[in-house]
Amino acid sequence: MLLVAAGLAWAAEPKLPKPSGRVVLTVTGLIDVRNQGAQAVFDLALLEALPQHRFTTRTPWDDGPVTFSGPRLRDVLAAVKARGTQLRATALNDYRITIPIEDAQRFDVIVATRKNDAPMAVRDQGPLFIIYPFDSDPQLRDKRYYERSIWQLKALHVE
């Protein structure tokens, strides 16, 4: 809980700490808070310092319900003071998808750092996975939201 409280403090301030570990997420574009040149970069510790959330949902890629946890996408965007209307998300394999920022406000989308309480290896869709709570709303069980659930996430560009 101490990390969550610390995360709330730095997320409310206009300064983002520099990561001490390996960078797993780079945010660029229309952002007002940066910690490395024109970018905001996060290691797992910085992402895990944000308020953490979890949900269990069925996905098209797993045999049964899966529990995902991590910060909400809207909290990541708030930490960098994103000002755009859409995100261009990029995976490690260069898969790209555009996600309306409205999705982050409307649904409890998370940037999952854990799947079934374990960190996700690259071979298991990690280390980051933007995931929608598909079971929370029937409209989320749709191809467009499945496509926006990008695994092996490495970058977000705010437009």
# chains A, B, ... in the order shown; residues from 1 in each chain; ligands from 1

$ select_by_dssp --residues "range 45-117 of chain A" --states "strand (DSSP E)" --output "number ranges by chain"
A: 52-57, 66-71, 86-91, 96-100, 110-112, 114-115

$ residues_around --residues "Thr59 in chain A" --least-positions-apart "5" --cutoff "9 Å" --atoms "only C-alpha atoms" --output "PyMOL selection string"
chain A and resi 64-66+134-135+141+146

$ write_last_selection --atoms "N, CA and C atoms" --output "mmCIF file, in the first residue's frame"
data_model
loop_
_atom_site.group_PDB
_atom_site.id
_atom_site.type_symbol
_atom_site.label_atom_id
_atom_site.label_comp_id
_atom_site.auth_asym_id
_atom_site.auth_seq_id
_atom_site.Cartn_x
_atom_site.Cartn_y
_atom_site.Cartn_z
ATOM 1 N N GLY A 64 -10.182 -20.041 -20.212
ATOM 2 C CA GLY A 64 -11.146 -19.729 -19.158
ATOM 3 C C GLY A 64 -10.944 -18.310 -18.669
ATOM 4 N N PRO A 65 -11.667 -17.927 -17.630
ATOM 5 C CA PRO A 65 -11.506 -16.583 -17.078
ATOM 6 C C PRO A 65 -10.067 -16.343 -16.594
ATOM 7 N N VAL A 66 -9.599 -15.118 -16.784
ATOM 8 C CA VAL A 66 -8.245 -14.731 -16.402
ATOM 9 C C VAL A 66 -8.337 -13.465 -15.551
ATOM 10 N N PHE A 134 -13.936 -7.284 -20.501
ATOM 11 C CA PHE A 134 -14.937 -7.772 -21.451
ATOM 12 C C PHE A 134 -16.221 -8.272 -20.801
ATOM 13 N N ASP A 135 -16.115 -8.907 -19.646
ATOM 14 C CA ASP A 135 -17.305 -9.467 -19.001
ATOM 15 C C ASP A 135 -18.153 -8.415 -18.280
ATOM 16 N N ARG A 141 -17.680 -7.172 -25.793
ATOM 17 C CA ARG A 141 -17.405 -8.459 -26.460
ATOM 18 C C ARG A 141 -17.590 -8.284 -27.959
ATOM 19 N N TYR A 146 -11.568 -6.160 -28.902
ATOM 20 C CA TYR A 146 -10.530 -7.203 -28.884
ATOM 21 C C TYR A 146 -9.279 -6.707 -29.598
#

$ residues_around --residues "Gln39 in chain A" --least-positions-apart "4" --cutoff "7 Å" --atoms "only C-alpha atoms" --output "list in words"
Thr26, Val27, Thr28, Arg34 and Asn35 of chain A

$ select_by_dssp --residues "range 109-157 of chain A" --states "alpha helix (DSSP H)" --output "list in words"
Lys143, Arg144, Tyr145, Tyr146, Glu147 and Arg148 of chain A

$ write_last_selection --atoms "C-alpha atoms" --output "PDB file, in the first residue's frame"
ATOM      1  CA  LYS A 143     -13.989  -7.349 -32.482  1.00  0.00           C
ATOM      2  CA  ARG A 144     -13.127  -3.633 -32.203  1.00  0.00           C
ATOM      3  CA  TYR A 145     -12.372  -3.912 -28.462  1.00  0.00           C
ATOM      4  CA  TYR A 146     -10.530  -7.203 -28.884  1.00  0.00           C
ATOM      5  CA  GLU A 147      -8.303  -5.500 -31.484  1.00  0.00           C
ATOM      6  CA  ARG A 148      -7.638  -2.583 -29.118  1.00  0.00           C
TER       7      ARG A 148
END

$ atom_distance --atom1 "CA of Val23 in chain A" --atom2 "CA of Thr85 in chain A"
24.8 Å

$ residues_around --residues "Pro127 in chain A" --least-positions-apart "5" --cutoff "9 Å" --atoms "only C-alpha atoms" --output "PyMOL selection string"
chain A and resi 24+44+112-114+119-122+151-154

$ closest_residue --among "A:Ile31, A:Ala79, A:Trp61, A:Leu128" --to "Leu16 in chain A" --atoms "only C-alpha atoms"
A:Ala79

$ decode --residues "range 66-82 of chain A" --atoms "all heavy atoms" --output "mmCIF file, in the first residue's frame"
data_model
loop_
_atom_site.group_PDB
_atom_site.id
_atom_site.type_symbol
_atom_site.label_atom_id
_atom_site.label_comp_id
_atom_site.auth_asym_id
_atom_site.auth_seq_id
_atom_site.Cartn_x
_atom_site.Cartn_y
_atom_site.Cartn_z
ATOM 1 N N VAL A 66 -9.599 -15.118 -16.784
ATOM 2 C CA VAL A 66 -8.245 -14.731 -16.402
ATOM 3 C C VAL A 66 -8.337 -13.465 -15.551
ATOM 4 O O VAL A 66 -9.161 -12.590 -15.821
ATOM 5 C CB VAL A 66 -7.390 -14.453 -17.663
ATOM 6 C CG1 VAL A 66 -5.995 -14.000 -17.289
ATOM 7 C CG2 VAL A 66 -7.330 -15.681 -18.557
ATOM 8 N N THR A 67 -7.494 -13.376 -14.537
ATOM 9 C CA THR A 67 -7.426 -12.185 -13.704
ATOM 10 C C THR A 67 -6.241 -11.335 -14.151
ATOM 11 O O THR A 67 -5.114 -11.821 -14.222
ATOM 12 C CB THR A 67 -7.282 -12.554 -12.220
ATOM 13 O OG1 THR A 67 -8.414 -13.338 -11.833
ATOM 14 C CG2 THR A 67 -7.206 -11.313 -11.340
ATOM 15 N N PHE A 68 -6.531 -10.078 -14.479
ATOM 16 C CA PHE A 68 -5.500 -9.119 -14.888
ATOM 17 C C PHE A 68 -5.404 -8.049 -13.822
ATOM 18 O O PHE A 68 -6.408 -7.663 -13.214
ATOM 19 C CB PHE A 68 -5.876 -8.464 -16.221
ATOM 20 C CG PHE A 68 -5.874 -9.409 -17.381
ATOM 21 C CD1 PHE A 68 -7.052 -10.004 -17.801
ATOM 22 C CD2 PHE A 68 -4.695 -9.701 -18.054
ATOM 23 C CE1 PHE A 68 -7.063 -10.879 -18.878
ATOM 24 C CE2 PHE A 68 -4.691 -10.572 -19.137
ATOM 25 C CZ PHE A 68 -5.882 -11.161 -19.547
ATOM 26 N N SER A 69 -4.199 -7.520 -13.612
ATOM 27 C CA SER A 69 -4.042 -6.410 -12.675
ATOM 28 C C SER A 69 -2.986 -5.449 -13.188
ATOM 29 O O SER A 69 -2.081 -5.828 -13.935
ATOM 30 C CB SER A 69 -3.687 -6.922 -11.276
ATOM 31 O OG SER A 69 -2.515 -7.693 -11.297
ATOM 32 N N GLY A 70 -3.143 -4.189 -12.762
ATOM 33 C CA GLY A 70 -2.231 -3.122 -13.154
ATOM 34 C C GLY A 70 -2.948 -1.797 -13.016
ATOM 35 O O GLY A 70 -4.088 -1.739 -12.558
ATOM 36 N N PRO A 71 -2.293 -0.715 -13.424
ATOM 37 C CA PRO A 71 -2.950 0.590 -13.335
ATOM 38 C C PRO A 71 -4.001 0.755 -14.424
ATOM 39 O O PRO A 71 -3.902 0.143 -15.497
ATOM 40 C CB PRO A 71 -1.798 1.580 -13.552
ATOM 41 C CG PRO A 71 -0.828 0.827 -14.402
ATOM 42 C CD PRO A 71 -0.930 -0.605 -13.952
ATOM 43 N N ARG A 72 -4.997 1.566 -14.148
ATOM 44 C CA ARG A 72 -5.968 1.891 -15.198
ATOM 45 C C ARG A 72 -5.269 2.739 -16.247
ATOM 46 O O ARG A 72 -4.401 3.561 -15.929
ATOM 47 C CB ARG A 72 -7.161 2.635 -14.610
ATOM 48 C CG ARG A 72 -8.064 1.707 -13.829
ATOM 49 C CD ARG A 72 -9.401 2.356 -13.519
ATOM 50 N NE ARG A 72 -10.250 1.371 -12.881
ATOM 51 C CZ ARG A 72 -10.926 1.589 -11.770
ATOM 52 N NH1 ARG A 72 -10.880 2.780 -11.178
ATOM 53 N NH2 ARG A 72 -11.667 0.639 -11.255
ATOM 54 N N LEU A 73 -5.659 2.549 -17.481
ATOM 55 C CA LEU A 73 -5.096 3.335 -18.574
ATOM 56 C C LEU A 73 -5.298 4.823 -18.310
ATOM 57 O O LEU A 73 -4.394 5.633 -18.541
ATOM 58 C CB LEU A 73 -5.719 2.911 -19.909
ATOM 59 C CG LEU A 73 -5.268 3.670 -21.147
ATOM 60 C CD1 LEU A 73 -3.750 3.603 -21.346
ATOM 61 C CD2 LEU A 73 -5.994 3.133 -22.383
ATOM 62 N N ARG A 74 -6.449 5.203 -17.782
ATOM 63 C CA ARG A 74 -6.697 6.629 -17.518
ATOM 64 C C ARG A 74 -5.735 7.182 -16.477
ATOM 65 O O ARG A 74 -5.388 8.362 -16.518
ATOM 66 C CB ARG A 74 -8.147 6.881 -17.148
ATOM 67 C CG ARG A 74 -8.643 6.288 -15.873
ATOM 68 C CD ARG A 74 -10.106 6.708 -15.613
ATOM 69 N NE ARG A 74 -10.779 5.820 -14.711
ATOM 70 C CZ ARG A 74 -11.687 4.922 -15.066
ATOM 71 N NH1 ARG A 74 -12.065 4.790 -16.319
ATOM 72 N NH2 ARG A 74 -12.247 4.155 -14.154
ATOM 73 N N ASP A 75 -5.272 6.353 -15.532
ATOM 74 C CA ASP A 75 -4.296 6.821 -14.537
ATOM 75 C C ASP A 75 -2.918 7.017 -15.162
ATOM 76 O O ASP A 75 -2.190 7.946 -14.790
ATOM 77 C CB ASP A 75 -4.217 5.851 -13.357
ATOM 78 C CG ASP A 75 -5.486 5.848 -12.514
ATOM 79 O OD1 ASP A 75 -6.243 6.843 -12.567
ATOM 80 O OD2 ASP A 75 -5.735 4.848 -11.810
ATOM 81 N N VAL A 76 -2.551 6.159 -16.095
ATOM 82 C CA VAL A 76 -1.282 6.339 -16.813
ATOM 83 C C VAL A 76 -1.338 7.644 -17.607
ATOM 84 O O VAL A 76 -0.400 8.441 -17.583
ATOM 85 C CB VAL A 76 -0.985 5.137 -17.744
ATOM 86 C CG1 VAL A 76 0.250 5.393 -18.598
ATOM 87 C CG2 VAL A 76 -0.819 3.850 -16.931
ATOM 88 N N LEU A 77 -2.461 7.875 -18.287
ATOM 89 C CA LEU A 77 -2.612 9.102 -19.078
ATOM 90 C C LEU A 77 -2.629 10.339 -18.186
ATOM 91 O O LEU A 77 -2.059 11.377 -18.542
ATOM 92 C CB LEU A 77 -3.877 9.021 -19.933
ATOM 93 C CG LEU A 77 -3.879 7.900 -20.979
ATOM 94 C CD1 LEU A 77 -5.227 7.845 -21.685
ATOM 95 C CD2 LEU A 77 -2.739 8.058 -21.961
ATOM 96 N N ALA A 78 -3.238 10.241 -17.010
ATOM 97 C CA ALA A 78 -3.259 11.365 -16.074
ATOM 98 C C ALA A 78 -1.852 11.650 -15.551
ATOM 99 O O ALA A 78 -1.487 12.817 -15.354
ATOM 100 C CB ALA A 78 -4.208 11.076 -14.917
ATOM 101 N N ALA A 79 -1.053 10.618 -15.335
ATOM 102 C CA ALA A 79 0.307 10.802 -14.816
ATOM 103 C C ALA A 79 1.179 11.614 -15.769
ATOM 104 O O ALA A 79 2.088 12.313 -15.339
ATOM 105 C CB ALA A 79 0.951 9.446 -14.528
ATOM 106 N N VAL A 80 0.893 11.537 -17.067
ATOM 107 C CA VAL A 80 1.668 12.296 -18.060
ATOM 108 C C VAL A 80 0.910 13.522 -18.556
ATOM 109 O O VAL A 80 1.373 14.224 -19.438
ATOM 110 C CB VAL A 80 2.096 11.400 -19.252
ATOM 111 C CG1 VAL A 80 2.971 10.253 -18.770
ATOM 112 C CG2 VAL A 80 0.906 10.889 -20.047
ATOM 113 N N LYS A 81 -0.280 13.744 -17.976
ATOM 114 C CA LYS A 81 -1.158 14.850 -18.383
ATOM 115 C C LYS A 81 -1.385 14.846 -19.901
ATOM 116 O O LYS A 81 -1.130 15.832 -20.593
ATOM 117 C CB LYS A 81 -0.621 16.188 -17.886
ATOM 118 C CG LYS A 81 -0.575 16.280 -16.368
ATOM 119 C CD LYS A 81 -0.450 17.690 -15.891
ATOM 120 C CE LYS A 81 -0.314 17.785 -14.399
ATOM 121 N NZ LYS A 81 -1.445 17.363 -13.638
ATOM 122 N N ALA A 82 -1.898 13.719 -20.382
ATOM 123 C CA ALA A 82 -2.201 13.567 -21.814
ATOM 124 C C ALA A 82 -3.317 14.520 -22.209
ATOM 125 O O ALA A 82 -4.282 14.701 -21.473
ATOM 126 C CB ALA A 82 -2.600 12.123 -22.101
#
